[in-house]
Amino acid sequence: MRERKMCWWITEKCNENCEYCFRSLSSINKFNFDEHMKILERIIDFGTDQITWSGGEALLVDHAPELIKYAHEKGIYNKITTNGKLLTPEKIEELKPYIDLVALSIDSFNDETNKKLGRGIEHRKTVMNRINHLMASGVKVDINTVVTSLNIKDLDDMGEFLRENPISGKWKLMTFFPVREKALKNKDKLEISDEEFLTEVKRIIEKYPDINITFMMNDEIQQQYPGVRANGDLLVTRDYNDMIFGNMATDDKIENPFEYDKKFQKVKK
Ligand code: SF4
């Protein structure tokens with residue numbers, strides 16, 4: 001059981017343009033390989049046992065595979081969350097020895113919905129292709145789906161596909177999280193109530209008992225685990241408060257977020 005999980009939003013750049021995206025566009029990544037290695041060493045020194053490589057699109061960082069390889073050699077469980085565009089069969093082969101889990105983001109198997117969501121009309125085809133290659137390569141695959149008013153009626157199609165084409169990991173359904181940037185701007189257009197979300201999720205779980213389905217509400221999404229932003233800021237969100245612990249590139253001393261969390265949980269009891 002991994003207890004010390006860290007998310008690294010290594011870049012805010014992305015090659016998709018999702019309507020619900022809440023990545024922080026002001027946190028610009030300007031780091032080269034050596035600077036990223038320094039940040040990675042510090043992440044490992046905290047006693048981290050899992051890194052989720054995310055963004056933006058983490059694979060837009062050219063030297064990301066080298067960092068991932070290094071983390072693997074240090075015993076880290078590597079998970080990549082990706083929209084799949086850059087995860088070509090060649091890239092899968094390159095990363096395969098160092099990657100434990102790939103979480104592919106797809107919200108609908110309807111091309112028109114994907115277009116409306118800003119993912120593009122080719123997204124379904126790309127993700128299906130990546131699922132096939134990952135499964136054939138023996139890499140564990142999760143599917144991440146953000147549920148909004150635009151795709152809440154599309155979940156059956158996805159369920160049918162996953163029933164016919166089982167993946168090795170989970171299908172994770174997450175509620176839309178209108179927290180900042182574009183997501184906040186599109187709140188009225190995309191938001192669904194907790195009740196709508198839970199009713200639909202329950203129906204889908206009952207309809208597809210053979211698929212490993214999990215779901216996440218807003219409070220869990222925002223409090224998952226500490227994260228490092230593209231600009232190096234170390235962020236912990238607890239009780240809806242973002243706290244910056246310091247900058248991993250420039251600050252000499254930063255409190256260990258996992259130790260902080262133990263204290264925080266104790267105070268709450
Ligand atoms: S949600 Fe993910 S894939 Fe979509 S624009 Fe944001 S970072 Fe890119």
# chains A, B, ... in the order shown; residues from 1 in each chain; ligands from 1
$ residues_around --residues "region 153-155 of chain A" --least-positions-apart "6" --cutoff "12 Å" --atoms "only C-alpha atoms" --output "PyMOL selection string"
chain A and resi 106-114+145-147+161-162+171-173+192+196-197+199-205+207-208+213
$ residues_near_ligand --ligand "ligand 1" --cutoff "7 Å" --atoms "only C-alpha atoms and all ligand atoms" --output "MDAnalysis selection string"
chainID A and resid 14:18 20:23 55:57 82:83 119
$ select_by_dssp --residues "region 120-186 of chain A" --states "strand (DSSP E or B)" --output "list in words"
Lys140, Val141, Asp142, Ile143, Asn144, Thr145, Val146, Val147, Trp171, Lys172, Leu173, Met174 and Thr175 of chain A
$ residues_around --residues "region 30-34 of chain A" --least-positions-apart "3" --cutoff "7 Å" --atoms "only C-alpha atoms" --output "CSV table (one decimal) with N, CA and C atoms, in the first residue's frame"
chain,number,residue,atom,x,y,z
A,37,MET,N,15.7,17.7,-12.3
A,37,MET,CA,16.3,16.6,-11.5
A,37,MET,C,16.4,17.0,-10.0
A,38,LYS,N,16.8,18.2,-9.8
A,38,LYS,CA,16.9,18.7,-8.4
A,38,LYS,C,15.5,18.7,-7.7
A,63,HIS,N,12.3,15.8,-21.7
A,63,HIS,CA,13.2,14.9,-20.9
A,63,HIS,C,12.4,14.2,-19.8
$ residues_around --residues "Pro226 (chain A)" --least-positions-apart "4" --cutoff "8 Å" --atoms "only C-alpha atoms" --output "count of residues only"
8
$ closest_residue --among "A:Glu12, A:Asp100, A:Leu95, A:Trp53" --to "Lys69 (chain A)" --atoms "only C-alpha atoms"
A:Leu95
$ closest_residue --among "A:Asn132, A:Thr48, A:Ser193, A:Asn212" --to "Lys74 (chain A)" --atoms "only C-alpha atoms"
A:Thr48
$ residues_around --residues "Thr126 (chain A)" --least-positions-apart "3" --cutoff "8 Å" --atoms "only C-alpha atoms" --output "ChimeraX atom specification"
/A:84-85,122-123,129-130
$ write_last_selection --atoms "N, CA and C atoms" --output "short mmCIF file (atom, residue, chain, number, x, y, z; two decimals), in the first residue's frame"
data_model
loop_
_atom_site.label_atom_id
_atom_site.label_comp_id
_atom_site.auth_asym_id
_atom_site.auth_seq_id
_atom_site.Cartn_x
_atom_site.Cartn_y
_atom_site.Cartn_z
N GLY A 84 -3.07 11.10 -24.09
CA GLY A 84 -2.72 10.02 -25.01
C GLY A 84 -2.13 10.46 -26.34
N LYS A 85 -2.27 11.75 -26.67
CA LYS A 85 -1.84 12.19 -28.00
C LYS A 85 -0.39 11.84 -28.32
N GLU A 122 -10.74 13.74 -33.00
CA GLU A 122 -9.91 12.53 -33.15
C GLU A 122 -9.65 11.83 -31.81
N HIS A 123 -10.11 12.44 -30.72
CA HIS A 123 -9.68 11.96 -29.39
C HIS A 123 -10.07 10.49 -29.13
N ASN A 129 -6.76 3.52 -29.72
CA ASN A 129 -5.49 3.01 -30.21
C ASN A 129 -4.49 2.85 -29.05
N ARG A 130 -4.44 3.84 -28.15
CA ARG A 130 -3.49 3.78 -27.02
C ARG A 130 -3.85 2.66 -26.06
#
$ closest_residue --among "A:Gly169, A:Pro209, A:Gly118, A:Gly246" --to "Asn186 (chain A)" --atoms "only C-alpha atoms"
A:Gly118
$ closest_residue --among "A:Met217, A:Thr148, A:Glu255, A:Ile92" --to "Ala183 (chain A)" --atoms "only C-alpha atoms"
A:Thr148
